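Novice: Sharing input.cif here; it has mmCIF, C-alpha atoms.
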data_upload
loop_
_atom_site.label_atom_id
_atom_site.label_comp_id
_atom_site.auth_asym_id
_atom_site.auth_seq_id
_atom_site.Cartn_x
_atom_site.Cartn_y
_atom_site.Cartn_z
CA SER A 1 22.69 13.84 -15.94
CA ASP A 2 21.70 13.39 -19.59
CA LEU A 3 19.51 10.42 -18.63
CA GLY A 4 17.80 12.45 -15.94
CA LYS A 5 17.07 15.25 -18.41
CA LEU A 6 15.73 12.71 -20.91
CA ILE A 7 13.40 11.22 -18.30
CA LEU A 8 12.00 14.70 -17.59
CA GLU A 9 11.71 15.62 -21.27
CA GLN A 10 9.77 12.44 -22.07
CA ASP A 11 7.54 12.68 -18.94
CA LEU A 12 8.82 9.33 -17.64
CA GLU A 13 9.01 10.30 -13.95
CA THR A 14 5.99 8.17 -12.99
CA THR A 15 7.30 5.19 -14.96
CA LEU A 16 10.67 5.61 -13.25
CA MET A 17 9.01 5.37 -9.83
CA ASP A 18 7.11 2.20 -10.76
CA VAL A 19 10.12 -0.07 -10.32
CA ASN A 20 9.63 -3.77 -9.71
CA MET A 21 10.37 -4.26 -6.03
CA GLY A 22 10.77 -7.01 -3.47
CA ILE A 23 11.44 -6.44 0.25
CA GLU A 24 13.09 -8.75 2.79
CA VAL A 25 12.83 -7.89 6.50
CA GLU A 26 14.63 -9.76 9.29
CA MET A 27 13.31 -9.70 12.87
CA HIS A 28 14.19 -11.66 15.99
CA ARG A 29 11.41 -13.49 17.81
CA VAL A 30 11.72 -12.90 21.56
CA PHE A 31 9.90 -13.67 24.77
CA LYS A 32 8.22 -10.72 26.46
CA ASN A 33 11.17 -10.52 28.87
CA GLY A 34 13.35 -9.52 25.90
CA LYS A 35 15.29 -12.79 25.56
CA PHE A 36 15.52 -14.91 22.42
CA THR A 37 12.65 -17.33 22.04
CA THR A 38 13.62 -20.97 22.45
CA ARG A 39 10.70 -22.15 20.33
CA ASP A 40 11.09 -23.41 16.79
CA PHE A 41 9.56 -21.88 13.68
CA PRO A 42 5.81 -21.33 14.27
CA GLU A 43 3.90 -24.49 13.35
CA GLU A 44 1.05 -22.48 11.83
CA LEU A 45 3.40 -21.33 9.06
CA GLY A 46 4.30 -24.85 7.98
CA ASP A 47 7.78 -26.07 7.06
CA GLN A 48 10.00 -23.00 7.03
CA GLN A 49 12.24 -24.53 4.36
CA GLN A 50 9.22 -24.79 2.06
CA ASN A 51 7.69 -21.42 2.94
CA SER A 52 8.88 -18.94 0.31
CA HIS A 53 7.61 -15.82 2.12
CA ILE A 54 8.25 -16.36 5.86
CA LYS A 55 11.17 -18.43 7.11
CA ASN A 56 14.05 -18.51 9.57
CA ASP A 57 17.23 -16.76 8.56
CA PHE A 58 20.60 -17.47 10.22
CA PHE A 59 19.21 -18.29 13.67
CA ASN A 60 16.24 -20.23 14.96
CA ALA A 61 14.80 -17.07 16.51
CA GLN A 62 15.55 -14.86 13.50
CA SER A 63 12.54 -14.70 11.20
CA GLU A 64 12.63 -13.26 7.70
CA VAL A 65 9.64 -11.94 5.77
CA ILE A 66 10.09 -11.98 1.98
CA THR A 67 7.55 -10.28 -0.27
CA PRO A 68 6.81 -11.45 -3.80
CA THR A 69 7.92 -9.15 -6.59
CA ALA A 70 5.59 -6.16 -6.83
CA GLY A 71 5.07 -3.67 -9.63
CA ASN A 72 5.68 -0.64 -7.44
CA ALA A 73 6.64 0.41 -3.91
CA ALA A 74 3.05 0.79 -2.64
CA GLU A 75 2.13 -2.74 -3.72
CA SER A 76 5.30 -4.10 -2.13
CA ILE A 77 4.44 -2.42 1.18
CA ARG A 78 0.95 -3.96 1.06
CA TYR A 79 2.51 -7.41 0.66
CA LEU A 80 4.92 -6.69 3.51
CA THR A 81 2.13 -5.54 5.83
CA ALA A 82 0.10 -8.69 5.15
CA LEU A 83 3.06 -11.01 5.70
CA ASN A 84 4.13 -9.18 8.84
CA HIS A 85 0.60 -9.57 10.21
CA THR A 86 0.68 -13.28 9.37
CA LEU A 87 3.97 -13.76 11.22
CA ARG A 88 2.76 -11.84 14.28
CA ALA A 89 -0.49 -13.82 14.37
CA SER A 90 1.48 -17.08 14.43
CA LEU A 91 3.48 -16.18 17.55
CA ASN A 92 2.66 -17.56 20.98
CA ALA A 93 1.02 -15.24 23.49
CA ASP A 94 4.32 -14.71 25.33
CA GLU A 95 6.31 -13.84 22.18
CA LEU A 96 7.02 -10.60 20.33
CA LEU A 97 9.03 -9.41 17.34
CA TRP A 98 12.11 -7.46 18.42
CA PRO A 99 11.81 -3.97 16.83
CA LEU A 100 15.48 -2.87 16.79
CA SER A 101 18.28 -3.63 14.35
CA LEU A 102 20.70 -4.59 17.14
CA PRO A 103 19.76 -7.86 18.86
CA PRO A 104 18.10 -8.36 22.25
CA LYS A 105 20.07 -9.30 25.37
CA LEU A 106 22.53 -12.06 24.51
CA PRO A 107 23.34 -15.04 26.71
CA THR A 108 26.79 -15.13 28.29
CA ASP A 109 27.48 -18.36 26.41
CA LEU A 110 26.91 -17.42 22.78
CA SER A 111 27.14 -21.05 21.70
CA THR A 112 23.67 -21.59 23.20
CA ILE A 113 22.11 -19.43 20.46
CA LYS A 114 20.39 -22.02 18.30
CA MET A 115 21.03 -22.01 14.55
CA ALA A 116 18.16 -22.26 12.08
CA GLN A 117 17.15 -25.66 10.75
CA VAL A 118 18.21 -25.41 7.12
CA THR A 119 19.47 -27.68 4.34
CA ALA A 120 22.79 -29.46 4.86
CA GLU A 121 24.42 -27.26 2.24
CA LYS A 122 23.26 -24.06 3.91
CA ALA A 123 24.18 -25.35 7.37
CA GLN A 124 27.71 -26.01 6.11
CA TYR A 125 27.88 -22.45 4.79
CA TYR A 126 26.70 -21.05 8.14
CA GLN A 127 29.27 -23.09 10.06
CA GLY A 128 32.04 -21.97 7.75
CA TRP A 129 30.95 -18.35 8.16
CA LEU A 130 31.03 -18.66 11.96
CA GLN A 131 34.55 -20.06 11.83
CA ARG A 132 35.65 -16.84 10.12
CA HIS A 133 33.54 -14.30 12.02
CA ASP A 134 32.30 -13.46 15.49
CA ILE A 135 28.72 -14.69 15.88
CA ARG A 136 27.67 -11.18 16.93
CA ARG A 137 28.19 -9.99 13.37
CA ALA A 138 25.32 -12.21 12.19
CA LEU A 139 22.87 -11.00 14.84
CA PRO A 140 21.91 -7.48 13.64
CA THR A 141 18.78 -7.46 11.49
CA GLY A 142 17.74 -5.19 8.68
CA VAL A 143 15.85 -4.60 5.47
CA HIS A 144 16.90 -5.70 1.97
CA VAL A 145 15.30 -3.95 -0.98
CA ASN A 146 15.52 -5.64 -4.39
CA ILE A 147 14.58 -3.64 -7.48
CA SER A 148 14.50 -3.90 -11.25
CA PHE A 149 13.38 -1.30 -13.75
CA ASN A 150 10.01 -1.19 -15.47
CA HIS A 151 10.29 -2.55 -19.03
CA ALA A 152 8.34 0.44 -20.35
CA LEU A 153 10.99 2.79 -18.93
CA ILE A 154 13.88 0.84 -20.46
CA ASP A 155 12.13 0.59 -23.82
CA SER A 156 11.36 4.31 -23.89
CA LEU A 157 14.86 5.41 -22.84
CA HIS A 158 16.62 2.94 -25.12
CA ALA A 159 14.82 4.31 -28.16
CA TYR A 160 16.49 7.68 -27.53
CA THR A 161 19.92 6.40 -26.46
CA LEU A 162 20.75 3.73 -29.05
CA THR A 163 23.95 5.49 -30.09
CA LYS A 164 25.31 5.75 -26.54
CA TYR A 165 23.88 2.47 -25.20
CA PRO A 166 23.62 -0.11 -28.01
CA THR A 167 21.92 -2.69 -25.79
CA LYS A 168 19.22 -2.46 -23.15
CA ALA A 169 21.53 -4.26 -20.72
CA ALA A 170 24.12 -1.48 -21.05
CA LEU A 171 21.43 1.13 -20.35
CA GLN A 172 20.16 -0.77 -17.30
CA ASN A 173 23.70 -1.09 -15.93
CA VAL A 174 24.14 2.68 -16.11
CA LEU A 175 20.81 3.25 -14.35
CA PHE A 176 21.75 0.82 -11.58
CA GLU A 177 25.11 2.56 -11.15
CA LYS A 178 23.30 5.87 -10.68
CA ILE A 179 21.07 4.32 -8.01
CA ILE A 180 24.13 2.95 -6.22
CA HIS A 181 25.82 6.34 -6.31
CA GLY A 182 22.69 7.93 -4.89
CA PHE A 183 22.49 5.34 -2.12
CA VAL A 184 26.14 5.85 -1.15
CA THR A 185 25.62 9.62 -1.10
CA TYR A 186 22.69 9.35 1.31
CA ARG A 187 23.58 6.15 3.16
CA TRP A 188 24.30 8.09 6.38
CA LEU A 189 20.67 9.24 6.39
CA LEU A 190 19.22 5.88 5.34
CA THR A 191 21.22 4.10 8.04
CA TYR A 192 20.14 6.66 10.63
CA LEU A 193 16.45 6.38 9.72
CA PHE A 194 16.22 2.63 9.19
CA GLY A 195 19.20 0.97 10.84
CA ALA A 196 20.20 3.01 13.87
CA ALA A 197 19.36 1.40 17.22
CA PRO A 198 19.23 3.62 20.32
CA VAL A 199 20.86 1.02 22.57
CA ALA A 200 23.05 -2.08 22.45
CA GLU A 201 21.78 -4.73 24.85
CA GLU A 202 23.93 -6.71 27.30
CA ASN A 203 26.74 -8.90 25.93
CA TYR A 204 26.68 -7.46 22.41
CA TYR A 205 29.72 -5.25 22.76
CA THR A 206 32.75 -6.62 24.60
CA ASN A 207 36.33 -5.50 25.03
CA SER A 208 37.20 -7.40 21.83
CA THR A 209 34.31 -6.17 19.63
#
Translate this structure into structure tokens?

Specialist:
Amino acid sequence: SDLGKLILEQDLETTLMDVNMGIEVEMHRVFKNGKFTTRDFPEELGDQQQNSHIKNDFFNAQSEVITPTAGNAAESIRYLTALNHTLRASLNADELLWPLSLPPKLPTDLSTIKMAQVTAEKAQYYQGWLQRHDIRRALPTGVHVNISFNHALIDSLHAYTLTKYPTKAALQNVLFEKIIHGFVTYRWLLTYLFGAAPVAEENYYTNST
């Protein structure tokens, strides 16, 4: 594309790669027998509603690690590694973090899966969601990647594209659209590498799902 050629012409490849990034990773806490833990959020991590980097997600056993915004991918991974280590260190000796995107073995009675202790507003949202969807749809875990472009990149590109993109916001929107198109093009590979689980445990798939 014209923007791609401009990035190459102005030697902005390195600046392009230094996007601001934040990563969110969900993982189920399980006992060593592979079943959901029945314990609450680890006490060593404090009040999960007040912890901005490690908290419960939808379920009591579903932990989420949230990195602060980093200036590049390498820095974001360093944050993620440190937070992941902190979460693992807080687990009891008989607990592990489930490594797969599909959940561990589910109980026959799915209503026994304990919801996370959250604010009343969020609890109401969760209950409304469960009224519209099968609970199994909330159980897979994954990775969320949040990005924004380096200001130096936007400033440099905008100086050369004022006629086509009068505002920096218009330029950023086009860049985000290109990222989305690229993700959709390669989503089969990204899903295979980061989201594919080799097995679905008992009670996840039924005749109706």

Novice: On this structure, the PyMOL selection byres ((chain A and resi 67-71) around 8) would catch which residues? List them as a PyMOL selection string, sorted by chain and number.

Specialist: chain A and resi 18-24+53+65-66+72-73+75-76+79-80+83

Novice: For Glu201 of chain A, which residue out of A:Thr112, A:Ser101, A:Thr38, A:Gln48 is the nearest one, using all atoms listed in the file?

Specialist: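 Using all atoms listed in the file, the shortest distance to Glu201 of chain A belongs to A:Ser101.
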
Novice: I need the residue nearest Phe58 of chain A from this list: A:Gln117, A:Thr81, A:Thr15, A:Ser90. Use only C-alpha atoms for the distance.

Specialist: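 Smallest separation from Phe58 of chain A among the options: A:Gln117.
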
Novice: Mind giving me the straight-line distance from atom CA of Phe59 of chain A to atom CA of His144 of chain A in Å, one decimal?

Specialist: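 Going from atom CA of Phe59 of chain A over to atom CA of His144 of chain A, I get 17.3 Å.
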
Novice: Could you write out as a ChimeraX atom specification the residues that the PyMOL selection byres ((chain A and resi 197) around 7) matches in the shown file?

Specialist: /A:100-102,195-196,198-199

Novice: Please provide as a list in words all residues within 9 Å of segment 156-161 of chain A, with the sequence filter that same-chain residues fewer than 5 positions apart are discarded (counting all atoms listed in the file).

Specialist: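 Counting all atoms listed in the file, the residues come to Leu3, Leu6, Ile7, Gln10, Leu12, His151, Pro166, Thr167, Lys168 and Leu171 of chain A.
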
Novice: Can you measure atom CA of Phe31 of chain A to atom CA of Glu95 of chain A for me? One decimal in Å is fine.

Specialist: 4.4 Å

Novice: Leaving out Arg29 of chain A and any residue of its chain fewer than 6 positions from it, which residues lie within 8 Å of it when counting all atoms listed in the file, given as an MDAnalysis selection string?

Specialist: chainID A and resid 36:37 61:63 95:98

Novice: Between atom CA of Asp109 of chain A and atom CA of Phe194 of chain A, what is the distance in Å, rounded to a tenth?

Specialist: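 A separation of 29.4 Å between them.
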
Novice: Here's the selection I'm unsure about, the PyMOL selection byres ((chain A and resi 202) around 10); applied to the file above, which residues does it give, as an MDAnalysis selection string?

Specialist: chainID A and resid 103:108 199:201 203:206

Novice: Nearest to Arg39 of chain A: which of A:Leu91, A:Leu162, A:Ile154, A:Ala170 is it, counting all atoms listed in the file?

Specialist: A:Leu91

Novice: Around all of segment 22-33 of chain A's listed atoms, make the axis-aligned box with 4 Å on each side and tell me centre and edge lengths in Å to one decimal, as lines of an AutoDock Vina configuration file.

Specialist:
center_x = 11.4
center_y = -10.1
center_z = 12.7
size_x = 14.4
size_y = 15.2
size_z = 40.3

Novice: When you look at Phe176 of chain A with a cut-off of 12 Å (counting all atoms listed in the file), what residues show up, excluding the ones that are within fewer than 6 positions of it in the same chain? I need them as a ChimeraX atom specification.

Specialist: /A:19,146-149,154,169-170,182-183

Novice: Smallest atom-to-atom distance to Ala116 of chain A: which of A:Thr191, A:Thr163, A:Asn56, A:Asn150, using only C-alpha atoms?

Specialist: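 Selected residue with least distance to Ala116 of chain A: A:Asn56.
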